[in-house]
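**Q** Contents are mmCIF, N, CA and C atoms and all ligand atoms; file name target.cif:
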data_data
loop_
_atom_site.label_atom_id
_atom_site.label_comp_id
_atom_site.auth_asym_id
_atom_site.auth_seq_id
_atom_site.Cartn_x
_atom_site.Cartn_y
_atom_site.Cartn_z
N MET A 634 116.70 61.03 55.26
CA MET A 634 115.88 61.12 54.06
C MET A 634 116.27 62.38 53.29
N LYS A 635 116.44 62.23 51.98
CA LYS A 635 116.75 63.38 51.13
C LYS A 635 115.53 63.73 50.29
N TRP A 636 115.32 65.03 50.16
CA TRP A 636 114.24 65.50 49.32
C TRP A 636 114.82 65.90 47.98
N LYS A 637 114.18 65.49 46.94
CA LYS A 637 114.61 65.89 45.61
C LYS A 637 113.75 67.09 45.18
N GLU A 638 114.44 68.18 44.89
CA GLU A 638 113.70 69.35 44.44
C GLU A 638 113.40 69.25 42.95
N VAL A 639 112.14 69.35 42.61
CA VAL A 639 111.73 69.29 41.21
C VAL A 639 111.16 70.65 40.83
N LYS A 640 111.78 71.26 39.83
CA LYS A 640 111.27 72.55 39.38
C LYS A 640 110.19 72.30 38.33
N MET A 641 108.98 72.71 38.65
CA MET A 641 107.86 72.51 37.74
C MET A 641 107.98 73.44 36.55
N LYS A 642 107.75 72.91 35.39
CA LYS A 642 107.65 73.74 34.18
C LYS A 642 106.18 74.00 33.91
N THR A 643 105.88 75.17 33.44
CA THR A 643 104.51 75.50 33.08
C THR A 643 104.40 75.68 31.57
N ILE A 644 103.50 74.92 30.99
CA ILE A 644 103.23 75.06 29.56
C ILE A 644 101.88 75.75 29.43
N LYS A 645 101.91 76.92 28.83
CA LYS A 645 100.67 77.68 28.63
C LYS A 645 100.27 77.56 27.17
N VAL A 646 99.09 77.04 26.95
CA VAL A 646 98.60 76.82 25.59
C VAL A 646 97.49 77.82 25.31
N CYS A 647 97.67 78.62 24.28
CA CYS A 647 96.63 79.61 23.94
C CYS A 647 95.39 78.88 23.43
N MET A 648 94.29 79.12 24.08
CA MET A 648 93.03 78.49 23.71
C MET A 648 92.06 79.50 23.09
N GLY A 649 92.62 80.65 22.68
CA GLY A 649 91.80 81.61 21.94
C GLY A 649 91.35 80.98 20.63
N SER A 650 90.31 81.52 20.03
CA SER A 650 89.70 80.85 18.87
C SER A 650 90.67 80.70 17.70
N ALA A 651 91.53 81.68 17.44
CA ALA A 651 92.45 81.57 16.30
C ALA A 651 93.49 80.48 16.54
N CYS A 652 94.15 80.52 17.68
CA CYS A 652 95.16 79.49 17.98
C CYS A 652 94.53 78.11 18.07
N PHE A 653 93.35 78.05 18.64
CA PHE A 653 92.63 76.78 18.76
C PHE A 653 92.37 76.21 17.36
N ALA A 654 91.84 77.06 16.46
CA ALA A 654 91.51 76.60 15.11
C ALA A 654 92.76 76.27 14.29
N LYS A 655 93.86 76.97 14.56
CA LYS A 655 95.10 76.74 13.79
C LYS A 655 95.88 75.52 14.25
N GLY A 656 95.44 74.88 15.35
CA GLY A 656 96.12 73.65 15.72
C GLY A 656 96.34 73.42 17.20
N ASN A 657 95.99 74.38 18.05
CA ASN A 657 96.29 74.16 19.46
C ASN A 657 95.37 73.13 20.14
N PHE A 658 94.23 72.84 19.53
CA PHE A 658 93.44 71.74 20.09
C PHE A 658 94.23 70.44 19.96
N GLU A 659 94.75 70.17 18.75
CA GLU A 659 95.56 68.97 18.52
C GLU A 659 96.86 69.04 19.31
N ASN A 660 97.47 70.23 19.36
CA ASN A 660 98.72 70.38 20.11
C ASN A 660 98.52 70.06 21.59
N LEU A 661 97.41 70.52 22.16
CA LEU A 661 97.13 70.25 23.57
C LEU A 661 97.01 68.74 23.82
N GLU A 662 96.28 68.06 22.95
CA GLU A 662 96.13 66.61 23.11
C GLU A 662 97.49 65.92 22.99
N PHE A 663 98.31 66.40 22.06
CA PHE A 663 99.64 65.83 21.85
C PHE A 663 100.52 66.05 23.08
N ILE A 664 100.47 67.25 23.64
CA ILE A 664 101.26 67.56 24.85
C ILE A 664 100.84 66.65 26.00
N LYS A 665 99.54 66.51 26.20
CA LYS A 665 99.05 65.66 27.30
C LYS A 665 99.52 64.22 27.12
N GLN A 666 99.47 63.73 25.89
CA GLN A 666 99.91 62.37 25.60
C GLN A 666 101.41 62.22 25.83
N TYR A 667 102.19 63.21 25.37
CA TYR A 667 103.65 63.18 25.52
C TYR A 667 104.02 63.14 27.01
N ILE A 668 103.36 63.98 27.79
CA ILE A 668 103.64 64.04 29.23
C ILE A 668 103.32 62.71 29.90
N LYS A 669 102.20 62.13 29.51
CA LYS A 669 101.79 60.85 30.09
C LYS A 669 102.79 59.75 29.73
N GLU A 670 103.14 59.67 28.45
CA GLU A 670 104.04 58.61 27.98
C GLU A 670 105.44 58.73 28.58
N ASN A 671 105.85 59.95 28.91
CA ASN A 671 107.21 60.17 29.43
C ASN A 671 107.23 60.40 30.94
N ASN A 672 106.10 60.12 31.59
CA ASN A 672 106.01 60.25 33.06
C ASN A 672 106.48 61.61 33.56
N LEU A 673 106.04 62.65 32.89
CA LEU A 673 106.45 64.01 33.25
C LEU A 673 105.37 64.75 34.04
N ASP A 674 104.33 64.05 34.44
CA ASP A 674 103.20 64.73 35.06
C ASP A 674 103.52 65.36 36.41
N THR A 675 104.61 64.96 37.04
CA THR A 675 105.00 65.64 38.30
C THR A 675 105.94 66.80 38.04
N GLU A 676 106.33 67.00 36.79
CA GLU A 676 107.29 68.06 36.46
C GLU A 676 106.70 69.15 35.58
N VAL A 677 105.51 68.91 35.04
CA VAL A 677 104.95 69.85 34.07
C VAL A 677 103.50 70.17 34.44
N THR A 678 103.18 71.44 34.38
CA THR A 678 101.80 71.88 34.56
C THR A 678 101.33 72.49 33.24
N ILE A 679 100.14 72.10 32.83
CA ILE A 679 99.57 72.67 31.60
C ILE A 679 98.44 73.62 31.99
N VAL A 680 98.51 74.80 31.44
CA VAL A 680 97.42 75.76 31.66
C VAL A 680 96.98 76.31 30.32
N GLY A 681 95.75 76.73 30.26
CA GLY A 681 95.24 77.37 29.05
C GLY A 681 95.26 78.87 29.23
N SER A 682 95.29 79.59 28.13
CA SER A 682 95.21 81.04 28.23
C SER A 682 94.18 81.55 27.23
N LEU A 683 93.73 82.75 27.50
CA LEU A 683 92.84 83.41 26.56
C LEU A 683 93.68 84.07 25.47
N CYS A 684 93.03 84.53 24.43
CA CYS A 684 93.73 85.23 23.35
C CYS A 684 94.52 86.42 23.90
N GLU A 685 95.75 86.56 23.42
CA GLU A 685 96.60 87.68 23.83
C GLU A 685 96.89 88.59 22.65
N ASN A 686 95.99 88.57 21.67
CA ASN A 686 96.07 89.44 20.49
C ASN A 686 97.35 89.27 19.67
N LYS A 687 97.84 88.03 19.62
CA LYS A 687 98.97 87.71 18.75
C LYS A 687 98.55 86.58 17.81
N CYS A 688 97.31 86.63 17.39
CA CYS A 688 96.69 85.52 16.65
C CYS A 688 97.45 85.18 15.38
N GLU A 689 98.02 86.18 14.72
CA GLU A 689 98.74 85.92 13.46
C GLU A 689 99.96 85.04 13.69
N LEU A 690 100.41 84.91 14.93
CA LEU A 690 101.58 84.09 15.25
C LEU A 690 101.19 82.68 15.69
N GLY A 691 99.90 82.42 15.74
CA GLY A 691 99.42 81.15 16.28
C GLY A 691 99.61 79.97 15.36
N PRO A 692 99.49 78.80 15.92
CA PRO A 692 99.21 78.53 17.33
C PRO A 692 100.40 78.84 18.23
N ARG A 693 100.10 79.41 19.39
CA ARG A 693 101.14 79.85 20.33
C ARG A 693 101.15 78.98 21.58
N ILE A 694 102.38 78.72 22.07
CA ILE A 694 102.59 78.00 23.33
C ILE A 694 103.70 78.72 24.08
N ILE A 695 103.53 78.90 25.38
CA ILE A 695 104.56 79.54 26.19
C ILE A 695 105.03 78.54 27.24
N VAL A 696 106.33 78.27 27.25
CA VAL A 696 106.92 77.37 28.24
C VAL A 696 107.73 78.24 29.20
N ASP A 697 107.27 78.31 30.44
CA ASP A 697 107.79 79.25 31.42
C ASP A 697 107.75 80.65 30.80
N ASP A 698 108.87 81.26 30.49
CA ASP A 698 108.83 82.62 29.93
C ASP A 698 109.17 82.65 28.45
N THR A 699 109.27 81.49 27.81
CA THR A 699 109.65 81.45 26.40
C THR A 699 108.42 81.19 25.52
N GLU A 700 108.22 82.08 24.57
CA GLU A 700 107.07 81.96 23.68
C GLU A 700 107.48 81.24 22.39
N TYR A 701 106.66 80.29 21.97
CA TYR A 701 106.85 79.59 20.71
C TYR A 701 105.65 79.89 19.83
N THR A 702 105.93 80.18 18.54
CA THR A 702 104.83 80.54 17.63
C THR A 702 104.78 79.59 16.45
N ASN A 703 103.63 79.57 15.80
CA ASN A 703 103.39 78.66 14.67
C ASN A 703 103.81 77.23 15.03
N VAL A 704 103.38 76.80 16.20
CA VAL A 704 103.84 75.53 16.77
C VAL A 704 103.14 74.33 16.14
N SER A 705 103.95 73.36 15.73
CA SER A 705 103.44 72.09 15.19
C SER A 705 103.76 70.97 16.19
N LYS A 706 103.26 69.78 15.91
CA LYS A 706 103.56 68.64 16.79
C LYS A 706 105.06 68.34 16.78
N ASP A 707 105.72 68.48 15.63
CA ASP A 707 107.17 68.27 15.58
C ASP A 707 107.89 69.26 16.49
N ASP A 708 107.43 70.51 16.46
CA ASP A 708 108.03 71.53 17.33
C ASP A 708 107.85 71.15 18.80
N ILE A 709 106.70 70.65 19.14
CA ILE A 709 106.40 70.29 20.54
C ILE A 709 107.34 69.19 21.01
N THR A 710 107.57 68.20 20.15
CA THR A 710 108.49 67.13 20.51
C THR A 710 109.87 67.70 20.82
N LYS A 711 110.32 68.64 19.99
CA LYS A 711 111.64 69.27 20.22
C LYS A 711 111.64 70.10 21.49
N ILE A 712 110.57 70.87 21.69
CA ILE A 712 110.48 71.75 22.87
C ILE A 712 110.47 70.93 24.15
N LEU A 713 109.65 69.89 24.19
CA LEU A 713 109.49 69.11 25.41
C LEU A 713 110.69 68.20 25.65
N GLY A 714 111.44 67.93 24.61
CA GLY A 714 112.62 67.09 24.75
C GLY A 714 113.78 67.80 25.42
N LYS A 715 113.68 69.14 25.52
CA LYS A 715 114.77 69.92 26.12
C LYS A 715 114.85 69.71 27.61
S1 LIG B 1 94.00 83.17 19.70
FE1 LIG B 1 96.02 82.87 20.43
S2 LIG B 1 96.79 84.90 20.42
FE2 LIG B 1 94.80 85.18 19.70
#
Starting from the file, lay out its structure as structure tokens.
**A**
Amino acid sequence: MKWKEVKMKTIKVCMGSACFAKGNFENLEFIKQYIKENNLDTEVTIVGSLCENKCELGPRIIVDDTEYTNVSKDDITKILGK
């Protein structure tokens, strides 16, 4: 029997009030739907974060160690497609 090693990706979605109001509520729903439709739920973990005082850059999403700012649904499709 061979084990397949799967490296989990972590998507951190800022749920602070500014990022939330600027679009991260919709972005979070979009990410969850994208993961479900593409059967990525064993490869991706979604976590929320509190405000990190970078509100002017929001909505913010961090994938592993890479930060994305002013994120739209189009951006998410590109990010998750990588
Ligand atoms: S609410 Fe996201 S950085 Fe402040």
**Q** Have a look at A:Gly714, A:Lys706, A:Thr699, A:Lys645 and name the one nearest to Glu662 in chain A; count only C-alpha atoms.
**A** A:Lys706
**Q** So which residues are near ligand LIG 1 (chain B), meaning at most 7 Å away with all atoms listed in the file counted, given back as an MDAnalysis selection string?
**A** chainID A and resid 647:653 683:693
**Q** Quick one: pick out all helix (DSSP H, G or I) residues within chain A from a backbone DSSP run and write them as a PyMOL selection string.
**A** chain A and resi 650-670+688-690+706-714
**Q** Mind listing the strand (DSSP E or B) residues of range 651-689 of chain A, per DSSP on the backbone, as a list in words?
**A** Val677, Thr678, Ile679, Val680, Gly681 and Ser682 of chain A
**Q** Atom C of Leu673 in chain A to atom N of Lys715 in chain A: how many Å, to one decimal?
**A**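 Value for the atom C of Leu673 in chain A-atom N of Lys715 in chain A distance: 12.7 Å.
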**Q** At a cut-off of 6.5 Å, using only N, CA and C atoms, what residues contact Glu676 in chain A? Leave out same-chain residues fewer than 3 positions from it and give the result as number ranges by chain.
**A** A: 639-643, 672-673
**Q** Do you know which residues lie at most 6.5 Å from (103.6, 72.8, 28.0), with coordinates as in the file and only N, CA and C atoms counted, and could you write them as a list in words?
**A**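 Residues satisfying the cut-off, written out: Thr643, Ile644, Lys645, Val646, Thr678, Ile679, Val680, Ile695 and Val696 of chain A.
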**Q** Could you check how far CA of Ser682 in chain A sits from CA of Phe663 in chain A, in Å to one decimal?
**A**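 Separating CA of Ser682 in chain A from CA of Phe663 in chain A is a distance of 17.1 Å.
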**Q** When you draw a straight line from CA of Asn660 in chain A to atom C of Asp698 in chain A, how long is it in Å?
**A**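 Those two atoms sit 18.1 Å apart.
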**Q** If you take every atom of range 689-700 of chain A that the file lists and fit an axis-aligned box around them with 3 Å extra on each side, what centre and edge lengths come out in Å to one decimal, as JSON?
**A**
{"center_x": 103.8, "center_y": 81.8, "center_z": 22.4, "size_x": 17.6, "size_y": 14.8, "size_z": 24.0}
**Q** From the set A:Ala654, A:Ile694, A:Ile709, A:Met634, which residue has the shortest atom-to-atom contact distance to Tyr667 in chain A, counting only C-alpha atoms?
**A**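 Using only C-alpha atoms, Tyr667 in chain A sits closest to A:Ile709.
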